[in-house]
There are 2 protein chains.
Amino acid sequence: MIRVGIDVGGTGIQVGVVDENLNILSEASIPTCTSIPFSEQIHQIADCVKSAVRTSGYDMQHIISIGAGIPGIANISTGEIVKCPNMGWNHVPFREEFQKYFTNPVLIDNDANVAALAESVAGISAGTSSSVFITIGTGIGSGIIINGKIWNGFHGIGSELGHVILSLDGVPCTCGNHGCLERYCSATALIRMGREAVAMHPESAILQMAFGDPDNINARTVIDAARNHDQVAKKVYSHYISYLAQAIANVVNLIDPEVIVLGGGVSKAGSFLLDPLVNEYPKYVVYNDQPMPEIKLAVLGAKAGIIGAAMLE
Amino acid sequence: MIRVGIDVGGTGIQVGVVDENLNILSEASIPTCTSIPFSEQIHQIADCVKSAVRTSGYDMQHIISIGAGIPGIANISTGEIVKCPNMGWNHVPFREEFQKYFTNPVLIDNDANVAALAESVAGISAGTSSSVFITIGTGIGSGIIINGKIWNGFHGIGSELGHVILSLDGVPCTCGNHGCLERYCSATALIRMGREAVAMHPESAILQMAFGDPDNINARTVIDAARNHDQVAKKVYSHYISYLAQAIANVVNLIDPEVIVLGGGVSKAGSFLLDPLVNEYPKYVVYNDQPMPEIKLAVLGAKAGIIGAAMLE
């Protein structure tokens with residue numbers, strides 16, 4: 001029961017060979033290169049797969065399936081990648097191209113869905129039947145697991161929590177709309193809030209920790225300043241937590257999964273993120289006198305992409 | 001394959017006997033009476049069931065199941081009603097009490113879930129595997145069907161679309177929070193917006209149609225004035241449509257069901273509601289260059305409660 005998982009990202013492509021216990025036996029990777037034709041990109045990824053399999057000590061004939069998680073939307077039935085801006089892919093026949101090199105079944109899905117699946121089987125939400133995975137990074141990604149399977153919507157355009165509107169006529173979003181949830185809950189939002197705060201309060205430790213240049217502020221700067229009891233940073237962070245708590249409550253009020261899993265860069269803040277969220281989100285849940293979803297931090301990190309992709313079926 | 005469906009409401013309780021083709025063979029009803037003990041209420045409902053079955057020409061032994069849709073939350077496994085404010089019920093053993101009168105299986109679920117199920121099997125979304133039903137009335141209710149089954153969340157507290165936050169720090173809600181979706185998208189919201197508009201523009205036809213008294217304004221007043229090209233009403237209605245379009249887009253961005261079904265009082269506006277919504281909601285969907293859910297009006301009306309309850313299993 002050996003499978004291959006491919007994590008396709010904007011900077012690099014990671015390939016792993018995964019056994020039946022979801023251990024990664026071997027890995028290989030290549031940098032992402034968008035300047036060459038699609039068929040050539042696939043050729044390179046195929047070579048990378050062959051190399052990882054060789055290292056694992058198995059042959060391609062032992063491989064049950066080759067799965068790939070991509071940062072975009074895919075037609076999981078046809079194996080076509082519908083849209084994948086970071087890779088420059090638009091309606092490309094991923095599976096078809098891949099099967100020029102392999103006879104093994106090839107499966108694809110969105111990267112957040114794949115990570116959600118990995119956590120729900122081999123990670124922090126293992127053993128649960130329903131979960132929502134939220135990645136908090138430059139944007140907000142999400143993956144929904146219902147009855148043990150990825151729910152990506154009937155048309156494959158669902159689980160875009162980042163673009164759920166959280167504030168009517170709110171902050172303009174890169175997608176063209178206003179008030180999208182990721183404008184309040186992503187690392188980018190925390191950075192924006194940090195910069196706005198230091199413009200008003202240049203005495204804040206946020207600015208000191210950014211060596212006096214607001215352009216140096218990142219999510220960690222704000223979080224570390226808040227940890228160090230800087231009053232301005234604490235206020236910014238408490239607003240951010242309140243937004244994220246409302247985002248989580250929205251998922252609970254609508255979907256109510258068994259567990260909500262937080263991943264991505266901001267989740268590295270650990271209990272400094274988790275504890276106030278667990279405390280605050282129930283305030284926004286309508287039936288908050290009932291049992292509610294647990295909120296947990298993802299544990300698989302970067303490995304979730306490979307493991308989840310290997311689990312696609 | 002004869003079943004009984006019970007639609008428990010704040011003003012009345014409707015019972016219907018439903019055949020295998022989902023036709024209602026006979027009906028009976030009683031007014032809701034919350035001043036008597038729970039056990040007595042169930043006694044009355046049980047008598048009403050017996051009467052409806054008698055009228056249908058069948059005996060209780062022919063009845064496969066007795067289902068009830070309730071305006072609150074239920075533990076569908078234990079048959080306990082957890083909370084049902086309109087009935088004054090709080091942790092009452094509905095199934096246990098009911099089975100003092102019947103040996104037939106007794107099933108319960110939330111009324112919006114039950115209506116969603118009815119439309120997805122016998123109504124406008126018949127034949128689809130996934131749908132979200134939204135009732136637009138005094139509040140906003142919703143029911144989610146995934147893979148042909150009600151999805152009510154792991155803890156039974158989901159599909160509360162009305163209390164998803166649509167506007168951070170927005171209009172105060174009856175639930176204690178701010179900016180809940182139903183504060184912008186319900187009939188109550190449309191009435192509030194109409195009243196605010198006539199305070200600024202007493203020349204509006206809205207006020208004339210309300211006989212000069214803002215207290216007489218209801219959702220229909222605003223909708224009819226907009227239909228009659230009153231400029232103030234048209235502006236109010238266009239804001240309302242924009243809010244509802246964003247609410248629908250939120251469901252699409254997160255859940256992406258095959259179909260979204262609109263029911264409840266406001267949906268009686270028919271194509272005057274549906275056409276602008278169908279036109280506007282894609283603007284707020286992130287992958288709006290892909291196939292998207294159809295938006296349709298519910299067709300079963302008040303019968304959805306009985307039919308859906310009879311279909312519970």
# chains A, B, ... in the order shown; residues from 1 in each chain; ligands from 1
$ interface_residues --of "chain A" --to "chain B" --cutoff "9 Å" --atoms "only C-alpha atoms" --output "PyMOL selection string"
chain A and resi 73+82+129-130+142+144+146+151-170+175-179+243+246-247+249-259+283-288+290-293
$ residues_around --residues "Ile70 in chain B" --least-positions-apart "4" --cutoff "8 Å" --atoms "only C-alpha atoms" --output "number ranges by chain"
B: 7-9, 74, 84, 108-111
$ residues_around --residues "Gly264 in chain B" --least-positions-apart "3" --cutoff "8 Å" --atoms "only C-alpha atoms" --output "PyMOL selection string"
chain B and resi 134-137+267-268+301
$ calpha_fit_and_write --fixed "chain A" --moving "chain B" --output "mmCIF file with C-alpha atoms, in the first residue's frame"
data_model
loop_
_atom_site.group_PDB
_atom_site.id
_atom_site.type_symbol
_atom_site.label_atom_id
_atom_site.label_comp_id
_atom_site.auth_asym_id
_atom_site.auth_seq_id
_atom_site.Cartn_x
_atom_site.Cartn_y
_atom_site.Cartn_z
ATOM 1 C CA MET B 1 0.025 0.004 -0.016
ATOM 2 C CA ILE B 2 2.689 2.500 -1.048
ATOM 3 C CA ARG B 3 1.487 5.819 -2.483
ATOM 4 C CA VAL B 4 3.051 8.999 -3.822
ATOM 5 C CA GLY B 5 2.030 12.476 -2.661
ATOM 6 C CA ILE B 6 2.979 15.667 -4.508
ATOM 7 C CA ASP B 7 2.720 19.093 -2.882
ATOM 8 C CA VAL B 8 2.696 21.682 -5.670
ATOM 9 C CA GLY B 9 3.571 25.158 -4.388
ATOM 10 C CA GLY B 10 4.441 28.544 -5.804
ATOM 11 C CA THR B 11 8.119 28.247 -4.823
ATOM 12 C CA GLY B 12 8.772 24.505 -4.852
ATOM 13 C CA ILE B 13 7.327 21.081 -5.559
ATOM 14 C CA GLN B 14 7.761 18.411 -2.881
ATOM 15 C CA VAL B 15 7.299 14.723 -3.618
ATOM 16 C CA GLY B 16 7.046 12.016 -0.958
ATOM 17 C CA VAL B 17 6.586 8.252 -0.956
ATOM 18 C CA VAL B 18 4.152 7.333 1.809
ATOM 19 C CA ASP B 19 3.520 3.902 3.337
ATOM 20 C CA GLU B 20 0.290 2.426 4.694
ATOM 21 C CA ASN B 21 1.003 3.894 8.142
ATOM 22 C CA LEU B 22 1.287 7.346 6.554
ATOM 23 C CA ASN B 23 5.035 7.533 7.183
ATOM 24 C CA ILE B 24 7.069 9.351 4.539
ATOM 25 C CA LEU B 25 9.664 6.834 3.297
ATOM 26 C CA SER B 26 11.537 9.154 0.953
ATOM 27 C CA GLU B 27 11.309 12.659 -0.425
ATOM 28 C CA ALA B 28 12.481 14.650 -3.438
ATOM 29 C CA SER B 29 11.864 18.205 -4.521
ATOM 30 C CA ILE B 30 12.378 20.654 -7.354
ATOM 31 C CA PRO B 31 11.984 24.422 -7.496
ATOM 32 C CA THR B 32 8.850 25.691 -9.187
ATOM 33 C CA CYS B 33 9.586 26.958 -12.680
ATOM 34 C CA THR B 34 6.726 28.730 -14.388
ATOM 35 C CA SER B 35 8.747 30.004 -17.360
ATOM 36 C CA ILE B 36 8.753 26.647 -19.156
ATOM 37 C CA PRO B 37 5.795 25.048 -20.972
ATOM 38 C CA PHE B 38 3.259 23.050 -18.933
ATOM 39 C CA SER B 39 4.305 19.767 -20.546
ATOM 40 C CA GLU B 40 7.913 20.405 -19.559
ATOM 41 C CA GLN B 41 6.908 21.246 -15.981
ATOM 42 C CA ILE B 42 5.062 17.921 -15.761
ATOM 43 C CA HIS B 43 8.089 16.131 -17.248
ATOM 44 C CA GLN B 44 10.235 17.559 -14.423
ATOM 45 C CA ILE B 45 7.684 16.625 -11.754
ATOM 46 C CA ALA B 46 7.465 13.111 -13.213
ATOM 47 C CA ASP B 47 11.263 12.759 -12.990
ATOM 48 C CA CYS B 48 11.079 13.949 -9.392
ATOM 49 C CA VAL B 49 8.448 11.289 -8.621
ATOM 50 C CA LYS B 50 10.615 8.576 -10.197
ATOM 51 C CA SER B 51 13.588 9.729 -8.156
ATOM 52 C CA ALA B 52 11.653 9.710 -4.863
ATOM 53 C CA VAL B 53 10.269 6.229 -5.598
ATOM 54 C CA ARG B 54 13.731 4.940 -6.463
ATOM 55 C CA THR B 55 15.114 6.268 -3.150
ATOM 56 C CA SER B 56 12.278 4.573 -1.231
ATOM 57 C CA GLY B 57 13.460 1.179 -2.457
ATOM 58 C CA TYR B 58 10.177 0.442 -4.223
ATOM 59 C CA ASP B 59 9.336 0.270 -7.935
ATOM 60 C CA MET B 60 6.627 2.246 -9.722
ATOM 61 C CA GLN B 61 4.610 -0.998 -9.957
ATOM 62 C CA HIS B 62 4.247 -0.976 -6.151
ATOM 63 C CA ILE B 63 2.663 2.470 -6.180
ATOM 64 C CA ILE B 64 -1.115 2.358 -5.606
ATOM 65 C CA SER B 65 -1.683 5.971 -6.647
ATOM 66 C CA ILE B 66 -0.038 9.324 -7.313
ATOM 67 C CA GLY B 67 -1.851 12.265 -5.738
ATOM 68 C CA ALA B 68 -1.166 15.977 -6.082
ATOM 69 C CA GLY B 69 -2.345 18.953 -4.030
ATOM 70 C CA ILE B 70 -2.366 22.179 -6.018
ATOM 71 C CA PRO B 71 -2.831 25.820 -4.961
ATOM 72 C CA GLY B 72 -5.916 26.347 -7.107
ATOM 73 C CA ILE B 73 -9.054 24.578 -8.238
ATOM 74 C CA ALA B 74 -9.165 21.208 -9.908
ATOM 75 C CA ASN B 75 -11.794 19.073 -11.544
ATOM 76 C CA ILE B 76 -11.245 15.954 -9.471
ATOM 77 C CA SER B 77 -13.242 13.792 -11.897
ATOM 78 C CA THR B 78 -11.430 14.689 -15.097
ATOM 79 C CA GLY B 79 -8.042 15.468 -13.533
ATOM 80 C CA GLU B 80 -7.995 18.862 -15.202
ATOM 81 C CA ILE B 81 -6.554 21.813 -13.284
ATOM 82 C CA VAL B 82 -9.098 24.553 -13.827
ATOM 83 C CA LYS B 83 -7.165 27.450 -12.390
ATOM 84 C CA CYS B 84 -3.878 27.736 -10.555
ATOM 85 C CA PRO B 85 -2.605 31.313 -10.761
ATOM 86 C CA ASN B 86 0.689 30.757 -8.871
ATOM 87 C CA MET B 87 1.707 28.123 -11.415
ATOM 88 C CA GLY B 88 0.367 30.001 -14.421
ATOM 89 C CA TRP B 89 -1.997 27.090 -15.116
ATOM 90 C CA ASN B 90 -5.382 27.655 -16.649
ATOM 91 C CA HIS B 91 -7.419 24.643 -17.818
ATOM 92 C CA VAL B 92 -4.442 22.284 -18.116
ATOM 93 C CA PRO B 93 -4.911 18.488 -18.448
ATOM 94 C CA PHE B 94 -2.790 17.524 -15.413
ATOM 95 C CA ARG B 95 -3.793 13.859 -15.198
ATOM 96 C CA GLU B 96 -3.618 13.301 -18.951
ATOM 97 C CA GLU B 97 -0.139 14.825 -19.162
ATOM 98 C CA PHE B 98 1.043 12.911 -16.107
ATOM 99 C CA GLN B 99 -0.148 9.627 -17.522
ATOM 100 C CA LYS B 100 2.314 9.953 -20.383
ATOM 101 C CA TYR B 101 4.867 8.904 -17.754
ATOM 102 C CA PHE B 102 2.934 6.595 -15.432
ATOM 103 C CA THR B 103 0.184 3.993 -15.649
ATOM 104 C CA ASN B 104 -0.635 4.420 -11.930
ATOM 105 C CA PRO B 105 -3.874 6.251 -11.055
ATOM 106 C CA VAL B 106 -3.316 10.026 -10.803
ATOM 107 C CA LEU B 107 -5.499 12.132 -8.462
ATOM 108 C CA ILE B 108 -5.591 15.860 -7.770
ATOM 109 C CA ASP B 109 -7.277 18.236 -5.343
ATOM 110 C CA ASN B 110 -6.840 21.679 -3.830
ATOM 111 C CA ASP B 111 -3.916 22.002 -1.368
ATOM 112 C CA ALA B 112 -5.989 23.165 1.614
ATOM 113 C CA ASN B 113 -8.386 20.252 1.062
ATOM 114 C CA VAL B 114 -5.467 17.870 0.918
ATOM 115 C CA ALA B 115 -3.999 19.273 4.172
ATOM 116 C CA ALA B 116 -7.442 19.028 5.811
ATOM 117 C CA LEU B 117 -7.618 15.363 4.796
ATOM 118 C CA ALA B 118 -4.101 14.673 6.109
ATOM 119 C CA GLU B 119 -4.810 16.224 9.529
ATOM 120 C CA SER B 120 -8.126 14.353 9.741
ATOM 121 C CA VAL B 121 -6.484 10.979 9.177
ATOM 122 C CA ALA B 122 -2.877 11.266 10.335
ATOM 123 C CA GLY B 123 -2.829 14.538 12.277
ATOM 124 C CA ILE B 124 -4.513 16.389 15.106
ATOM 125 C CA SER B 125 -8.065 15.597 13.986
ATOM 126 C CA ALA B 126 -7.343 11.907 13.359
ATOM 127 C CA GLY B 127 -10.346 9.750 14.149
ATOM 128 C CA THR B 128 -12.911 12.496 13.636
ATOM 129 C CA SER B 129 -15.539 12.262 10.917
ATOM 130 C CA SER B 130 -15.950 15.994 10.308
ATOM 131 C CA SER B 131 -13.483 18.870 10.531
ATOM 132 C CA VAL B 132 -12.674 22.219 9.006
ATOM 133 C CA PHE B 133 -9.010 23.060 8.459
ATOM 134 C CA ILE B 134 -8.135 26.759 8.291
ATOM 135 C CA THR B 135 -4.679 27.891 7.119
ATOM 136 C CA ILE B 136 -3.765 31.352 8.304
ATOM 137 C CA GLY B 137 -0.992 32.742 6.139
ATOM 138 C CA THR B 138 -0.727 35.434 3.469
ATOM 139 C CA GLY B 139 -4.374 34.615 2.796
ATOM 140 C CA ILE B 140 -6.884 32.292 4.436
ATOM 141 C CA GLY B 141 -7.333 28.822 2.969
ATOM 142 C CA SER B 142 -9.706 26.140 4.164
ATOM 143 C CA GLY B 143 -10.649 22.523 3.697
ATOM 144 C CA ILE B 144 -13.857 20.827 4.811
ATOM 145 C CA ILE B 145 -14.096 17.150 5.753
ATOM 146 C CA ILE B 146 -17.575 15.681 6.122
ATOM 147 C CA ASN B 147 -18.196 11.988 6.809
ATOM 148 C CA GLY B 148 -14.468 11.391 6.445
ATOM 149 C CA LYS B 149 -14.295 12.809 2.915
ATOM 150 C CA ILE B 150 -13.236 16.116 1.394
ATOM 151 C CA TRP B 151 -16.279 18.312 0.704
ATOM 152 C CA ASN B 152 -15.232 20.735 -1.974
ATOM 153 C CA GLY B 153 -18.663 21.673 -3.218
ATOM 154 C CA PHE B 154 -20.751 20.356 -6.055
ATOM 155 C CA HIS B 155 -18.959 22.542 -8.631
ATOM 156 C CA GLY B 156 -15.547 22.317 -6.924
ATOM 157 C CA ILE B 157 -15.541 26.012 -5.975
ATOM 158 C CA GLY B 158 -16.315 25.669 -2.249
ATOM 159 C CA SER B 159 -14.335 25.923 0.992
ATOM 160 C CA GLU B 160 -13.087 29.385 0.137
ATOM 161 C CA LEU B 161 -13.485 30.670 3.682
ATOM 162 C CA GLY B 162 -11.008 33.472 2.951
ATOM 163 C CA HIS B 163 -13.467 35.125 0.583
ATOM 164 C CA VAL B 164 -16.585 34.781 2.705
ATOM 165 C CA ILE B 165 -17.706 38.349 3.386
ATOM 166 C CA LEU B 166 -17.205 39.207 7.057
ATOM 167 C CA SER B 167 -17.722 42.947 6.795
ATOM 168 C CA LEU B 168 -20.196 44.575 4.390
ATOM 169 C CA ASP B 169 -18.469 47.373 2.472
ATOM 170 C CA GLY B 170 -15.287 46.534 4.400
ATOM 171 C CA VAL B 171 -11.574 46.538 3.486
ATOM 172 C CA PRO B 172 -10.984 46.074 -0.284
ATOM 173 C CA CYS B 173 -9.765 42.569 -1.184
ATOM 174 C CA THR B 174 -7.394 41.360 -3.914
ATOM 175 C CA CYS B 175 -10.385 39.460 -5.362
ATOM 176 C CA GLY B 176 -12.164 42.712 -6.229
ATOM 177 C CA ASN B 177 -14.773 42.567 -3.458
ATOM 178 C CA HIS B 178 -14.895 44.323 -0.083
ATOM 179 C CA GLY B 179 -14.770 42.926 3.436
ATOM 180 C CA CYS B 180 -13.549 39.378 2.654
ATOM 181 C CA LEU B 181 -12.686 37.399 5.773
ATOM 182 C CA GLU B 182 -9.001 37.137 4.854
ATOM 183 C CA ARG B 183 -8.706 40.923 4.943
ATOM 184 C CA TYR B 184 -9.283 40.673 8.734
ATOM 185 C CA CYS B 185 -7.900 37.263 9.686
ATOM 186 C CA SER B 186 -4.771 36.579 7.596
ATOM 187 C CA ALA B 187 -1.146 37.375 8.446
ATOM 188 C CA THR B 188 -1.481 40.153 5.862
ATOM 189 C CA ALA B 189 -4.338 41.637 7.900
ATOM 190 C CA LEU B 190 -2.306 41.510 11.115
ATOM 191 C CA ILE B 191 0.588 43.258 9.343
ATOM 192 C CA ARG B 192 -1.741 45.955 7.988
ATOM 193 C CA MET B 193 -3.235 46.515 11.437
ATOM 194 C CA GLY B 194 0.274 46.698 12.943
ATOM 195 C CA ARG B 195 1.370 49.302 10.393
ATOM 196 C CA GLU B 196 -1.758 51.383 10.948
ATOM 197 C CA ALA B 197 -1.134 51.262 14.706
ATOM 198 C CA VAL B 198 2.493 52.413 14.530
ATOM 199 C CA ALA B 199 1.495 55.303 12.244
ATOM 200 C CA MET B 200 -0.597 56.555 15.172
ATOM 201 C CA HIS B 201 1.727 55.286 17.925
ATOM 202 C CA PRO B 202 5.349 55.409 16.749
ATOM 203 C CA GLU B 203 6.433 54.761 20.362
ATOM 204 C CA SER B 204 5.162 51.151 20.073
ATOM 205 C CA ALA B 205 7.611 48.290 20.475
ATOM 206 C CA ILE B 206 6.259 47.002 17.161
ATOM 207 C CA LEU B 207 8.223 49.738 15.379
ATOM 208 C CA GLN B 208 11.342 49.192 17.477
ATOM 209 C CA MET B 209 11.290 45.470 16.700
ATOM 210 C CA ALA B 210 10.940 46.387 13.010
ATOM 211 C CA PHE B 211 14.122 48.514 13.272
ATOM 212 C CA GLY B 212 12.086 51.692 12.893
ATOM 213 C CA ASP B 213 10.775 50.779 9.420
ATOM 214 C CA PRO B 214 7.081 49.876 9.086
ATOM 215 C CA ASP B 215 7.961 47.878 5.958
ATOM 216 C CA ASN B 216 9.800 45.418 8.196
ATOM 217 C CA ILE B 217 6.694 44.627 10.233
ATOM 218 C CA ASN B 218 5.493 41.081 9.799
ATOM 219 C CA ALA B 219 2.921 38.990 11.675
ATOM 220 C CA ARG B 220 5.570 37.759 14.055
ATOM 221 C CA THR B 221 6.671 41.315 14.919
ATOM 222 C CA VAL B 222 3.176 42.179 16.115
ATOM 223 C CA ILE B 223 2.712 38.875 17.940
ATOM 224 C CA ASP B 224 6.109 39.127 19.684
ATOM 225 C CA ALA B 225 5.486 42.744 20.714
ATOM 226 C CA ALA B 226 2.090 41.697 22.137
ATOM 227 C CA ARG B 227 3.745 38.802 23.999
ATOM 228 C CA ASN B 228 6.186 41.371 25.433
ATOM 229 C CA HIS B 229 3.243 43.402 26.762
ATOM 230 C CA ASP B 230 3.563 46.353 24.396
ATOM 231 C CA GLN B 231 0.210 48.088 24.893
ATOM 232 C CA VAL B 232 -0.255 49.076 21.239
ATOM 233 C CA ALA B 233 0.575 45.568 20.031
ATOM 234 C CA LYS B 234 -1.726 44.012 22.638
ATOM 235 C CA LYS B 235 -4.598 46.157 21.408
ATOM 236 C CA VAL B 236 -3.935 45.271 17.741
ATOM 237 C CA TYR B 237 -3.630 41.584 18.604
ATOM 238 C CA SER B 238 -6.814 41.593 20.636
ATOM 239 C CA HIS B 239 -8.714 43.066 17.679
ATOM 240 C CA TYR B 240 -7.180 40.429 15.423
ATOM 241 C CA ILE B 241 -8.215 37.642 17.820
ATOM 242 C CA SER B 242 -11.738 39.053 17.911
ATOM 243 C CA TYR B 243 -11.935 38.921 14.087
ATOM 244 C CA LEU B 244 -10.560 35.383 13.949
ATOM 245 C CA ALA B 245 -12.962 34.322 16.716
ATOM 246 C CA GLN B 246 -15.872 35.632 14.641
ATOM 247 C CA ALA B 247 -14.569 33.803 11.558
ATOM 248 C CA ILE B 248 -14.381 30.558 13.549
ATOM 249 C CA ALA B 249 -17.858 31.154 14.978
ATOM 250 C CA ASN B 250 -19.181 31.616 11.429
ATOM 251 C CA VAL B 251 -17.863 28.149 10.560
ATOM 252 C CA VAL B 252 -19.453 26.747 13.720
ATOM 253 C CA ASN B 253 -22.822 28.469 13.174
ATOM 254 C CA LEU B 254 -22.987 27.218 9.600
ATOM 255 C CA ILE B 255 -21.139 23.880 9.469
ATOM 256 C CA ASP B 256 -20.524 22.852 13.104
ATOM 257 C CA PRO B 257 -17.774 20.293 12.454
ATOM 258 C CA GLU B 258 -16.440 18.009 15.187
ATOM 259 C CA VAL B 259 -13.104 19.879 15.217
ATOM 260 C CA ILE B 260 -11.640 23.049 13.718
ATOM 261 C CA VAL B 261 -7.921 22.827 12.949
ATOM 262 C CA LEU B 262 -5.731 25.907 12.569
ATOM 263 C CA GLY B 263 -2.596 25.743 10.422
ATOM 264 C CA GLY B 264 -0.384 28.092 8.435
ATOM 265 C CA GLY B 265 2.249 30.606 9.534
ATOM 266 C CA VAL B 266 0.200 32.451 12.171
ATOM 267 C CA SER B 267 -0.660 29.158 13.918
ATOM 268 C CA LYS B 268 3.012 28.915 14.905
ATOM 269 C CA ALA B 269 2.154 31.412 17.665
ATOM 270 C CA GLY B 270 0.844 28.269 19.448
ATOM 271 C CA SER B 271 -1.086 28.741 22.669
ATOM 272 C CA PHE B 272 -0.677 32.518 22.435
ATOM 273 C CA LEU B 273 -3.091 32.227 19.469
ATOM 274 C CA LEU B 274 -5.156 29.228 20.558
ATOM 275 C CA ASP B 275 -5.973 30.137 24.174
ATOM 276 C CA PRO B 276 -7.632 33.513 23.551
ATOM 277 C CA LEU B 277 -9.489 32.096 20.508
ATOM 278 C CA VAL B 278 -10.882 29.133 22.458
ATOM 279 C CA ASN B 279 -11.963 31.603 25.102
ATOM 280 C CA GLU B 280 -13.569 34.099 22.738
ATOM 281 C CA TYR B 281 -15.189 32.278 19.813
ATOM 282 C CA PRO B 282 -18.144 30.831 21.802
ATOM 283 C CA LYS B 283 -19.362 34.389 22.409
ATOM 284 C CA TYR B 284 -20.315 34.526 18.718
ATOM 285 C CA VAL B 285 -21.918 31.047 18.494
ATOM 286 C CA VAL B 286 -25.702 31.174 18.690
ATOM 287 C CA TYR B 287 -26.152 27.888 20.597
ATOM 288 C CA ASN B 288 -23.141 28.393 22.857
ATOM 289 C CA ASP B 289 -24.761 26.624 25.790
ATOM 290 C CA GLN B 290 -24.431 23.350 23.850
ATOM 291 C CA PRO B 291 -21.335 21.225 23.146
ATOM 292 C CA MET B 292 -19.259 22.996 20.472
ATOM 293 C CA PRO B 293 -16.341 22.119 18.163
ATOM 294 C CA GLU B 294 -12.887 21.837 19.646
ATOM 295 C CA ILE B 295 -10.285 24.212 18.210
ATOM 296 C CA LYS B 296 -6.848 22.652 17.726
ATOM 297 C CA LEU B 297 -3.531 23.497 16.122
ATOM 298 C CA ALA B 298 -2.384 21.497 13.076
ATOM 299 C CA VAL B 299 0.532 19.157 13.769
ATOM 300 C CA LEU B 300 1.685 17.904 10.360
ATOM 301 C CA GLY B 301 3.030 21.252 9.140
ATOM 302 C CA ALA B 302 4.589 21.124 5.681
ATOM 303 C CA LYS B 303 4.214 17.317 5.596
ATOM 304 C CA ALA B 304 0.398 17.635 5.437
ATOM 305 C CA GLY B 305 0.631 18.432 1.721
ATOM 306 C CA ILE B 306 2.492 15.235 0.834
ATOM 307 C CA ILE B 307 0.568 12.949 3.197
ATOM 308 C CA GLY B 308 -2.841 14.309 2.186
ATOM 309 C CA ALA B 309 -2.042 14.098 -1.530
ATOM 310 C CA ALA B 310 -0.928 10.482 -1.093
ATOM 311 C CA MET B 311 -4.292 9.751 0.563
ATOM 312 C CA LEU B 312 -6.425 11.037 -2.313
ATOM 313 C CA GLU B 313 -8.645 8.394 -3.842
#
$ select_by_dssp --residues "range 39-262 of chain B" --states "alpha helix (DSSP H)" --output "MDAnalysis selection string"
chainID B and resid 39:56 94:98 111:122 182:185 187:200 205:209 219:227 231:254
$ select_by_dssp --residues "range 212-291 of chain A" --states "strand (DSSP E)" --output "MDAnalysis selection string"
chainID A and resid 259:263
